[in-house]
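The structure appears below as structure tokens.
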Amino acid sequence: MTGNLAPRPGFILDVDRSSPPIVFHHGEGFRLEKLPAGRSRVIYPAEPLEGLPDPDSAIRQALLNPLGDSKPLPALLKPGMKLTIAFDDISLPLPPMRRPDIRQRVIEEVLDLAAAAGVDDVHLIAALAIHRRMTEDELRHAVGDRVYDAFAPDGRLYNHDAEDPDGMILLGETPHGEEVQFSRRAAESDLVVYVNINLVSMDGGHKSTATGLSGYTGLRHHHNVHTMQRSRSFMDQENSALHASNWRMGKIIRDAGVKIFQIETTVNNNTFGREGPLALLQKREWEWSTRDRLQFLGMKHGLDAMPTKAKRKIFSSWQAPYALTSVQAGEVEAVHEVTTANVYKQHLVPVEGQTDVLTMGLPYICPYNVNSIMNPILVMCLGLGYFFNLYKGKPLVREGGVLIMSHPTPWEFHPVHHPSYIDFFEQVLADTTDPVEIEKKYEKQFAEDEWYIHLYRNSYAYHGVHPFYMWYWGSHALQHLGRVIVVGGDPAAVRRLGFTPASTLQDALEIASDVVGPQPTVTHIKNPPILMADVT
Amino acid sequence: MNPLGDLIGRLRATISYSGFPWRAAPVPTGMKPPTPLKGLGADYDTTWARRYPARLTRAAIVESIMRPTIAALASPDRRGLDRLDEVNGPVVFVANHHSHADTPLLLTSIPEPWRHRIVVGAAADYFFSNRASSAISALAIGAVPIERSKVGRRSADMARDLIGEGWSMLLYPEGGRSPDGWGQEFRGGAAFLAIRCDVPVVPIHLQGTGQILRKGRTLPRPSRTTVTFGDPLVAKEDENARAFAIRLQAAVAALGDEATSDWYTARIRAHAGTSPGLTGPDVGAWRRAWALGGRDRHSRRRRWPKL
């Protein structure tokens, strides 16, 4: 870090002979990789922006001065009304942030205004769509003990249940024939307040409610191969079919008379802290002090010697010291426009031209394995879904190029959280890895499986159809790339995914040259902390 | 009866029977009490207790004696500490007061950076009446003498100087422990000090300490306690000490409501000005005692499974 100087923007290092080896995330560990000199570049994320000095008063100001055609929140609150507060689930932010979570801060401000207005009928819903239910500890972390103790014991704070036949309704259809399925409680409320954390540019806007409070009947219209292959990328709203579909659904929700007061927040890039054991992951390698280097060596060798379970425990206990960089509230679209600009302010890094080979080190966490295991399907989703799509303009890698990702990719699944993933991996991927065929042949069967639905509703399992969506998430990348190589992964698991295993990065580059020719250009995206490439 | 309590009772009886000169002779009615020894009461100089050797000793006492004792006796549930996240610099902590266990409980609950840089306002006529108890109070809890029977400029100036030096202060605005389990009206001293020094006041509500060592009891009895920290309050521009003290009392009462019901219910009642008061109903003694019984209905249970 640069002391009191302004945070530095993202940076591109052209690798030459004097460039140091680069740290790659590698699941619950790290690899140091030397990239070929003269034809490689490394994209570094921007340093964390400064957080707002007084988050609570910033939140209060946002509620009192809404954007768009919305009235201030106090004017929307009346005694005797039905108020529903929905909030983002465990998949945001990543990793989970230190207490107090932003959701707690915002929800307490909203509830304080509701209390002043004498609103008695309040429900709080974790808007998790078909993700797994949040546990008590996770809910407590998100909304705080005060809110949890006030609402959970008598069932007024709960997880959204997209398979509850009495709890879901259809609000209508878009001109494209997309059914809009929605939480009945939210639809019948006088006001829905949505509390969002916008970690990446895909989050927020109409997606918060149109996806978060929906179910399979609604989701299948945009969580499909057709939509994902036409979202280039799904992180870039102007070119995202996923975004367009959610926006169409948002209009139907609005026309159905559901009044939504949207509160969106953005956080900075302070994922690993400015001090502490992981701080060096936010520094550029040549800026490491002697202490950083010794610390890294100790950490790397310690992690290499440690059993996987212990490593998972250590990493999953990490909570990011994220700071709130902006908060805006009011009408959904007006709010989201400002939010997106604030997200871009932190994440966008201008990059010139595409590359033959894109490399990435995948970390231990993705949105769907918080307090869980990163199974091979999630590895695919994080690499080919999230990281590949973190671009505006053009993909970082040229069409027909090679993606090399580094991750242990263990053949291992969390039996409670990911039961349908196990069957997807064993049964579906053993048959085919083609997303179109998978969708056509298997999706309905998994989505309507009674046992998966039971586990989703009553245990802590992702919905039966969720692994399909993970696979579709990477379908644009699968269509675009010539080959995918996984460094340091379990070869059997990597082959099952349809990818090529390699022991080292040098081997992977050798293999890649079969596809892209000798002496390919290489670009490494150093993520996380998160960056989004603006490729021209 | 408890054998230890029995023994203490008999010892007390023996001493009281033995009378003068084993005990001080009572002051005859109508006579002026003798002037207390110089350097005691509000005049006791506690500067030595804020020097490093004493602070280290106090930290050791708090961490190695008070903390395990409080953990065993009070099983504290500490809530609302996140409300102090944005606070910097010295503050005045104010709490309701039921028991001698309140101060150890608070000294082990108040977080860093205040925990080891705090002084406790203690009754000059009670804690600083002789040299031994003065020294023990100053050393063990960082007590400073506060006159509660009259408005003393000396106490006020000392408190102002300490806050100016960066010390935070823990005060019990009720002026003493509760005589019957209900709270007492807040006096204006803490509010006056906060206005004078321009520092925020952190209201704290203590629930359950009265069961441990209430006024009149010799031996502690284990009980569950809840310490609820509130949002820091700052005096408004034209607010005088009396009005601010009323607001502080209301804030502590709202925290008490939060501890015994739930946060949202407490907020609704606080906004409507209907939070249950600290001081209890204005009825006969037995009905006040009766009303105490129904206050703590709050329980927190963990739900299976924890994955």
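Scheme for the structure tokens: letters A, B, ... for chains in order shown; per-chain residue numbers from 1; ligand numbers from 1 in order shown.
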
Counting only C-alpha atoms, which residues of stretch 295-405 of chain A fall within 7 Å of stretch 252-263 of chain A, and what is the closest atom pair for each with its distance in Å at one decimal, ordered by chain and rising number, as CSV?
residue,atom,partner,partner_atom,distance
A:Gln328,CA,A:Ile263,CA,5.8
A:Ala329,CA,A:Ile263,CA,4.2
A:Gly330,CA,A:Phe261,CA,5.2
A:Glu331,CA,A:Phe261,CA,6.0
A:Val332,CA,A:Gln262,CA,5.4

Which residues of chain A come within 7 Å of chain B, and what is each one's closest atom pair and distance in Å (one decimal), counting only C-alpha atoms, sorted by chain and residue number, as JSON lines?
{"residue": "A:Pro100", "atom": "CA", "partner": "B:Asp82", "partner_atom": "CA", "distance": 6.5}
{"residue": "A:Asp112", "atom": "CA", "partner": "B:Arg267", "partner_atom": "CA", "distance": 6.5}
{"residue": "A:Ala115", "atom": "CA", "partner": "B:Ile268", "partner_atom": "CA", "distance": 4.3}
{"residue": "A:Ala116", "atom": "CA", "partner": "B:His271", "partner_atom": "CA", "distance": 5.1}
{"residue": "A:Gly118", "atom": "CA", "partner": "B:Ile268", "partner_atom": "CA", "distance": 6.1}
{"residue": "A:Thr135", "atom": "CA", "partner": "B:Lys306", "partner_atom": "CA", "distance": 7.0}
{"residue": "A:Arg146", "atom": "CA", "partner": "B:Trp263", "partner_atom": "CA", "distance": 5.5}
{"residue": "A:Val147", "atom": "CA", "partner": "B:Trp263", "partner_atom": "CA", "distance": 6.5}
{"residue": "A:Asp149", "atom": "CA", "partner": "B:Asp262", "partner_atom": "CA", "distance": 6.2}
{"residue": "A:Ala150", "atom": "CA", "partner": "B:Asp262", "partner_atom": "CA", "distance": 4.5}

All strand (DSSP E) positions in stretch 317-457 of chain A, as a PDB file with N, CA and C atoms, in the first residue's frame:
ATOM      1  N   LEU A 324     -17.580   0.069   3.180  1.00  0.00           N
ATOM      2  CA  LEU A 324     -18.669   0.560   2.325  1.00  0.00           C
ATOM      3  C   LEU A 324     -18.158   1.757   1.526  1.00  0.00           C
ATOM      4  N   THR A 325     -18.274   1.681   0.192  1.00  0.00           N
ATOM      5  CA  THR A 325     -17.810   2.822  -0.619  1.00  0.00           C
ATOM      6  C   THR A 325     -18.964   3.670  -1.136  1.00  0.00           C
ATOM      7  N   SER A 326     -20.151   3.068  -1.221  1.00  0.00           N
ATOM      8  CA  SER A 326     -21.308   3.893  -1.614  1.00  0.00           C
ATOM      9  C   SER A 326     -22.583   3.200  -1.192  1.00  0.00           C
ATOM     10  N   VAL A 327     -23.629   3.989  -1.000  1.00  0.00           N
ATOM     11  CA  VAL A 327     -24.950   3.440  -0.727  1.00  0.00           C
ATOM     12  C   VAL A 327     -25.956   4.359  -1.392  1.00  0.00           C
ATOM     13  N   GLN A 328     -26.878   3.736  -2.133  1.00  0.00           N
ATOM     14  CA  GLN A 328     -27.917   4.523  -2.790  1.00  0.00           C
ATOM     15  C   GLN A 328     -29.229   3.767  -2.684  1.00  0.00           C
ATOM     16  N   ALA A 329     -30.305   4.545  -2.642  1.00  0.00           N
ATOM     17  CA  ALA A 329     -31.605   3.925  -2.418  1.00  0.00           C
ATOM     18  C   ALA A 329     -32.653   4.623  -3.258  1.00  0.00           C
ATOM     19  N   GLY A 330     -33.767   3.903  -3.478  1.00  0.00           N
ATOM     20  CA  GLY A 330     -34.881   4.497  -4.198  1.00  0.00           C
ATOM     21  C   GLY A 330     -35.405   3.587  -5.279  1.00  0.00           C
ATOM     22  N   LEU A 348     -12.767  -1.668 -12.760  1.00  0.00           N
ATOM     23  CA  LEU A 348     -12.362  -1.645 -14.171  1.00  0.00           C
ATOM     24  C   LEU A 348     -10.874  -1.348 -14.354  1.00  0.00           C
ATOM     25  N   VAL A 349     -10.238  -2.162 -15.206  1.00  0.00           N
ATOM     26  CA  VAL A 349      -8.847  -1.933 -15.578  1.00  0.00           C
ATOM     27  C   VAL A 349      -8.794  -1.953 -17.114  1.00  0.00           C
ATOM     28  N   PRO A 350      -8.371  -0.855 -17.736  1.00  0.00           N
ATOM     29  CA  PRO A 350      -8.319  -0.856 -19.203  1.00  0.00           C
ATOM     30  C   PRO A 350      -7.210  -1.792 -19.712  1.00  0.00           C
ATOM     31  N   VAL A 351      -7.557  -2.606 -20.690  1.00  0.00           N
ATOM     32  CA  VAL A 351      -6.588  -3.552 -21.254  1.00  0.00           C
ATOM     33  C   VAL A 351      -6.662  -3.429 -22.771  1.00  0.00           C
ATOM     34  N   THR A 355      -5.475 -11.954 -25.972  1.00  0.00           N
ATOM     35  CA  THR A 355      -4.288 -12.776 -25.787  1.00  0.00           C
ATOM     36  C   THR A 355      -4.564 -14.182 -26.325  1.00  0.00           C
ATOM     37  N   ASP A 356      -3.484 -14.951 -26.549  1.00  0.00           N
ATOM     38  CA  ASP A 356      -3.665 -16.343 -27.002  1.00  0.00           C
ATOM     39  C   ASP A 356      -4.012 -17.237 -25.829  1.00  0.00           C
ATOM     40  N   VAL A 357      -3.332 -16.975 -24.718  1.00  0.00           N
ATOM     41  CA  VAL A 357      -3.513 -17.833 -23.548  1.00  0.00           C
ATOM     42  C   VAL A 357      -3.850 -16.944 -22.347  1.00  0.00           C
ATOM     43  N   LEU A 358      -4.931 -17.297 -21.662  1.00  0.00           N
ATOM     44  CA  LEU A 358      -5.301 -16.560 -20.444  1.00  0.00           C
ATOM     45  C   LEU A 358      -5.041 -17.470 -19.256  1.00  0.00           C
ATOM     46  N   THR A 359      -4.305 -16.970 -18.272  1.00  0.00           N
ATOM     47  CA  THR A 359      -4.069 -17.783 -17.072  1.00  0.00           C
ATOM     48  C   THR A 359      -4.770 -17.140 -15.878  1.00  0.00           C
ATOM     49  N   MET A 360      -5.181 -17.965 -14.948  1.00  0.00           N
ATOM     50  CA  MET A 360      -5.812 -17.464 -13.723  1.00  0.00           C
ATOM     51  C   MET A 360      -5.574 -18.450 -12.583  1.00  0.00           C
ATOM     52  N   GLY A 361      -5.391 -17.909 -11.402  1.00  0.00           N
ATOM     53  CA  GLY A 361      -5.287 -18.759 -10.210  1.00  0.00           C
ATOM     54  C   GLY A 361      -6.616 -18.689  -9.481  1.00  0.00           C
ATOM     55  N   TYR A 391     -15.203  -9.209 -18.011  1.00  0.00           N
ATOM     56  CA  TYR A 391     -14.707  -8.305 -19.051  1.00  0.00           C
ATOM     57  C   TYR A 391     -15.831  -7.458 -19.600  1.00  0.00           C
ATOM     58  N   LYS A 392     -15.414  -6.353 -20.178  1.00  0.00           N
ATOM     59  CA  LYS A 392     -16.300  -5.489 -20.970  1.00  0.00           C
ATOM     60  C   LYS A 392     -15.657  -5.404 -22.342  1.00  0.00           C
ATOM     61  N   GLY A 393     -16.464  -5.329 -23.355  1.00  0.00           N
ATOM     62  CA  GLY A 393     -15.886  -5.233 -24.703  1.00  0.00           C
ATOM     63  C   GLY A 393     -15.671  -6.610 -25.296  1.00  0.00           C
ATOM     64  N   VAL A 397      -9.189 -13.345 -23.790  1.00  0.00           N
ATOM     65  CA  VAL A 397      -8.513 -14.332 -24.637  1.00  0.00           C
ATOM     66  C   VAL A 397      -9.242 -14.392 -25.977  1.00  0.00           C
ATOM     67  N   ARG A 398      -8.478 -14.570 -27.024  1.00  0.00           N
ATOM     68  CA  ARG A 398      -9.088 -14.564 -28.370  1.00  0.00           C
ATOM     69  C   ARG A 398      -9.917 -15.817 -28.595  1.00  0.00           C
ATOM     70  N   GLU A 399     -10.788 -15.778 -29.564  1.00  0.00           N
ATOM     71  CA  GLU A 399     -11.609 -16.948 -29.874  1.00  0.00           C
ATOM     72  C   GLU A 399     -10.690 -18.088 -30.315  1.00  0.00           C
ATOM     73  N   GLY A 400     -10.915 -19.262 -29.768  1.00  0.00           N
ATOM     74  CA  GLY A 400     -10.049 -20.393 -30.079  1.00  0.00           C
ATOM     75  C   GLY A 400      -8.797 -20.438 -29.215  1.00  0.00           C
ATOM     76  N   GLY A 401      -8.665 -19.476 -28.308  1.00  0.00           N
ATOM     77  CA  GLY A 401      -7.505 -19.439 -27.413  1.00  0.00           C
ATOM     78  C   GLY A 401      -7.619 -20.464 -26.286  1.00  0.00           C
ATOM     79  N   VAL A 402      -6.656 -20.413 -25.388  1.00  0.00           N
ATOM     80  CA  VAL A 402      -6.592 -21.412 -24.313  1.00  0.00           C
ATOM     81  C   VAL A 402      -6.722 -20.715 -22.959  1.00  0.00           C
ATOM     82  N   LEU A 403      -7.478 -21.355 -22.095  1.00  0.00           N
ATOM     83  CA  LEU A 403      -7.577 -20.875 -20.714  1.00  0.00           C
ATOM     84  C   LEU A 403      -6.852 -21.861 -19.814  1.00  0.00           C
ATOM     85  N   ILE A 404      -5.906 -21.346 -19.030  1.00  0.00           N
ATOM     86  CA  ILE A 404      -5.198 -22.202 -18.066  1.00  0.00           C
ATOM     87  C   ILE A 404      -5.590 -21.732 -16.672  1.00  0.00           C
ATOM     88  N   MET A 405      -6.191 -22.619 -15.890  1.00  0.00           N
ATOM     89  CA  MET A 405      -6.515 -22.238 -14.510  1.00  0.00           C
ATOM     90  C   MET A 405      -5.788 -23.158 -13.540  1.00  0.00           C
ATOM     91  N   SER A 406      -5.471 -22.575 -12.399  1.00  0.00           N
ATOM     92  CA  SER A 406      -4.724 -23.316 -11.397  1.00  0.00           C
ATOM     93  C   SER A 406      -5.635 -23.578 -10.198  1.00  0.00           C
TER      94      SER A 406
END

Quick one: residues within 10 Å of stretch 506-508 of chain A, only C-alpha atoms counted, chain neighbours fewer than 3 positions away excluded, as an mmCIF file with C-alpha atoms, in the first residue's frame?
data_model
loop_
_atom_site.group_PDB
_atom_site.id
_atom_site.type_symbol
_atom_site.label_atom_id
_atom_site.label_comp_id
_atom_site.auth_asym_id
_atom_site.auth_seq_id
_atom_site.Cartn_x
_atom_site.Cartn_y
_atom_site.Cartn_z
ATOM 1 C CA GLU A 33 4.764 -19.094 -11.338
ATOM 2 C CA LYS A 34 7.311 -17.629 -13.715
ATOM 3 C CA LEU A 35 5.585 -16.362 -16.847
ATOM 4 C CA PRO A 36 7.384 -16.355 -20.198
ATOM 5 C CA THR A 359 -4.069 -17.783 -17.072
ATOM 6 C CA VAL A 402 -6.592 -21.412 -24.313
ATOM 7 C CA LEU A 403 -7.577 -20.875 -20.714
ATOM 8 C CA ILE A 404 -5.198 -22.202 -18.066
ATOM 9 C CA MET A 405 -6.515 -22.238 -14.510
ATOM 10 C CA VAL A 484 -9.144 -25.486 -21.029
ATOM 11 C CA ILE A 485 -6.182 -26.715 -18.997
ATOM 12 C CA VAL A 486 -6.161 -27.131 -15.206
ATOM 13 C CA VAL A 487 -2.795 -26.948 -13.442
ATOM 14 C CA GLY A 488 -2.307 -29.003 -10.283
ATOM 15 C CA THR A 500 -6.869 -31.193 -19.818
ATOM 16 C CA PRO A 501 -4.818 -31.729 -16.649
ATOM 17 C CA ALA A 502 -1.253 -30.441 -16.327
ATOM 18 C CA SER A 503 1.242 -30.754 -13.492
ATOM 19 C CA ILE A 511 0.047 -28.200 -24.211
ATOM 20 C CA ALA A 512 -1.510 -24.846 -25.090
ATOM 21 C CA SER A 513 0.963 -24.323 -27.926
#

Between B:Gly210, B:Pro53, B:Pro276, B:Gly230, which one has atoms that come closest to B:Asp180, using only C-alpha atoms?
->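 Closest residue, counting only C-alpha atoms: B:Gly210.
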
Atom CA of A:Pro520 and atom CA of A:Gly498 are how many Å apart?
->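 Straight-line distance from atom CA of A:Pro520 to atom CA of A:Gly498 works out to 22.6 Å.
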
Give me, please, the distance in Å between atom CA of A:Gln346 and atom CA of A:Glu264, quoted to one decimal.
->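 So the two atoms, atom CA of A:Gln346 and atom CA of A:Glu264, lie 15.4 Å apart.
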
With only C-alpha atoms as the atoms that count, which of A:Ser40, A:Asn369, A:Asn198, A:Ser18 lies nearest to A:His347?
-> A:Asn198

Have a look at atom CA of B:Ala243 and atom CA of B:Thr226 and let me know their distance in Å, one decimal.
->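 According to the coordinates, atom CA of B:Ala243 and atom CA of B:Thr226 are separated by 27.3 Å.
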
Alpha helix (DSSP H) positions in stretch 199-447 of chain A, given as JSON, numbers by chain | {"A": [206, 207, 208, 209, 210, 211, 212, 216, 217, 218, 219, 225, 226, 227, 228, 229, 241, 242, 243, 244, 245, 246, 247, 248, 249, 250, 251, 252, 253, 254, 255, 290, 291, 292, 293, 294, 295, 296, 297, 298, 299, 300, 301, 302, 303, 304, 305, 308, 309, 310, 311, 312, 313, 314, 315, 316, 332, 333, 334, 335, 336, 337, 338, 339, 340, 341, 342, 343, 344, 345, 346, 347, 376, 377, 378, 379, 380, 419, 420, 421, 422, 423, 429, 430, 431, 435, 436, 437, 438, 439, 440, 441, 442, 443, 444, 445, 446, 447]}

Measuring atom to atom with only C-alpha atoms, identify which of A:Val416, A:Ala533, A:Ile377, A:Leu481 is nearest to A:Leu455.
->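 Of A:Val416, A:Ala533, A:Ile377, A:Leu481, the one nearest A:Leu455 is A:Val416, counting only C-alpha atoms.
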
Show which residues sit within 12 Å of B:Arg154, as a list in words. Count only C-alpha atoms, and ignore same-chain residues fewer than 2 positions away.
->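 With the cut-off at 12 Å, the set is Gly41, Ala42, Asp43, Tyr44, Asp45, Ala124, Val144, Pro145, Ile146, Glu147, Arg148, Lys150, Val151, Gly152, Ala156, Asp157, Met158, Ala159, Arg160 and Asp161 of chain B.
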
Go ahead and write the selection's residues with N, CA and C atoms as an mmCIF file, in the first residue's frame.
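Output file result.cif follows:
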data_model
loop_
_atom_site.group_PDB
_atom_site.id
_atom_site.type_symbol
_atom_site.label_atom_id
_atom_site.label_comp_id
_atom_site.auth_asym_id
_atom_site.auth_seq_id
_atom_site.Cartn_x
_atom_site.Cartn_y
_atom_site.Cartn_z
ATOM 1 N N GLY B 41 -12.032 10.438 51.449
ATOM 2 C CA GLY B 41 -13.240 10.927 50.790
ATOM 3 C C GLY B 41 -12.891 11.556 49.454
ATOM 4 N N ALA B 42 -13.539 12.672 49.155
ATOM 5 C CA ALA B 42 -13.313 13.323 47.867
ATOM 6 C C ALA B 42 -11.898 13.868 47.727
ATOM 7 N N ASP B 43 -11.179 13.982 48.861
ATOM 8 C CA ASP B 43 -9.810 14.513 48.801
ATOM 9 C C ASP B 43 -8.769 13.450 48.473
ATOM 10 N N TYR B 44 -9.184 12.216 48.443
ATOM 11 C CA TYR B 44 -8.201 11.146 48.233
ATOM 12 C C TYR B 44 -7.555 11.314 46.852
ATOM 13 N N ASP B 45 -6.237 11.275 46.821
ATOM 14 C CA ASP B 45 -5.514 11.475 45.572
ATOM 15 C C ASP B 45 -5.257 10.116 44.900
ATOM 16 N N ALA B 124 -17.586 8.758 47.128
ATOM 17 C CA ALA B 124 -16.470 9.160 47.999
ATOM 18 C C ALA B 124 -16.735 8.751 49.447
ATOM 19 N N VAL B 144 -12.276 6.594 41.163
ATOM 20 C CA VAL B 144 -11.982 7.965 41.572
ATOM 21 C C VAL B 144 -13.159 8.438 42.416
ATOM 22 N N PRO B 145 -12.881 9.239 43.467
ATOM 23 C CA PRO B 145 -13.976 9.603 44.373
ATOM 24 C C PRO B 145 -14.927 10.627 43.761
ATOM 25 N N ILE B 146 -16.195 10.363 43.879
ATOM 26 C CA ILE B 146 -17.230 11.295 43.412
ATOM 27 C C ILE B 146 -18.158 11.568 44.595
ATOM 28 N N GLU B 147 -18.363 12.849 44.864
ATOM 29 C CA GLU B 147 -19.282 13.189 45.954
ATOM 30 C C GLU B 147 -20.709 13.028 45.466
ATOM 31 N N ARG B 148 -21.474 12.282 46.189
ATOM 32 C CA ARG B 148 -22.850 12.105 45.742
ATOM 33 C C ARG B 148 -23.850 12.837 46.632
ATOM 34 N N LYS B 150 -23.453 16.015 47.700
ATOM 35 C CA LYS B 150 -23.516 17.439 47.380
ATOM 36 C C LYS B 150 -22.851 17.669 46.020
ATOM 37 N N VAL B 151 -23.081 18.824 45.456
ATOM 38 C CA VAL B 151 -22.451 19.153 44.185
ATOM 39 C C VAL B 151 -21.034 19.620 44.493
ATOM 40 N N GLY B 152 -20.063 18.807 44.145
ATOM 41 C CA GLY B 152 -18.682 19.126 44.491
ATOM 42 C C GLY B 152 -17.900 19.578 43.278
ATOM 43 N N ALA B 156 -15.974 17.328 39.966
ATOM 44 C CA ALA B 156 -16.260 17.700 38.583
ATOM 45 C C ALA B 156 -14.989 18.115 37.860
ATOM 46 N N ASP B 157 -14.146 18.890 38.521
ATOM 47 C CA ASP B 157 -12.902 19.338 37.883
ATOM 48 C C ASP B 157 -11.980 18.162 37.615
ATOM 49 N N MET B 158 -11.916 17.256 38.603
ATOM 50 C CA MET B 158 -11.044 16.094 38.422
ATOM 51 C C MET B 158 -11.513 15.252 37.233
ATOM 52 N N ALA B 159 -12.814 15.042 37.170
ATOM 53 C CA ALA B 159 -13.357 14.238 36.062
ATOM 54 C C ALA B 159 -13.069 14.910 34.723
ATOM 55 N N ARG B 160 -13.233 16.227 34.669
ATOM 56 C CA ARG B 160 -12.946 16.955 33.425
ATOM 57 C C ARG B 160 -11.478 16.804 33.036
ATOM 58 N N ASP B 161 -10.589 16.935 34.021
ATOM 59 C CA ASP B 161 -9.158 16.823 33.725
ATOM 60 C C ASP B 161 -8.813 15.427 33.218
#

So which one's closest to B:Gly183, B:Ala235, B:Ala95, B:Ala140, B:Leu105? Using only C-alpha atoms, please.
-> B:Ala95
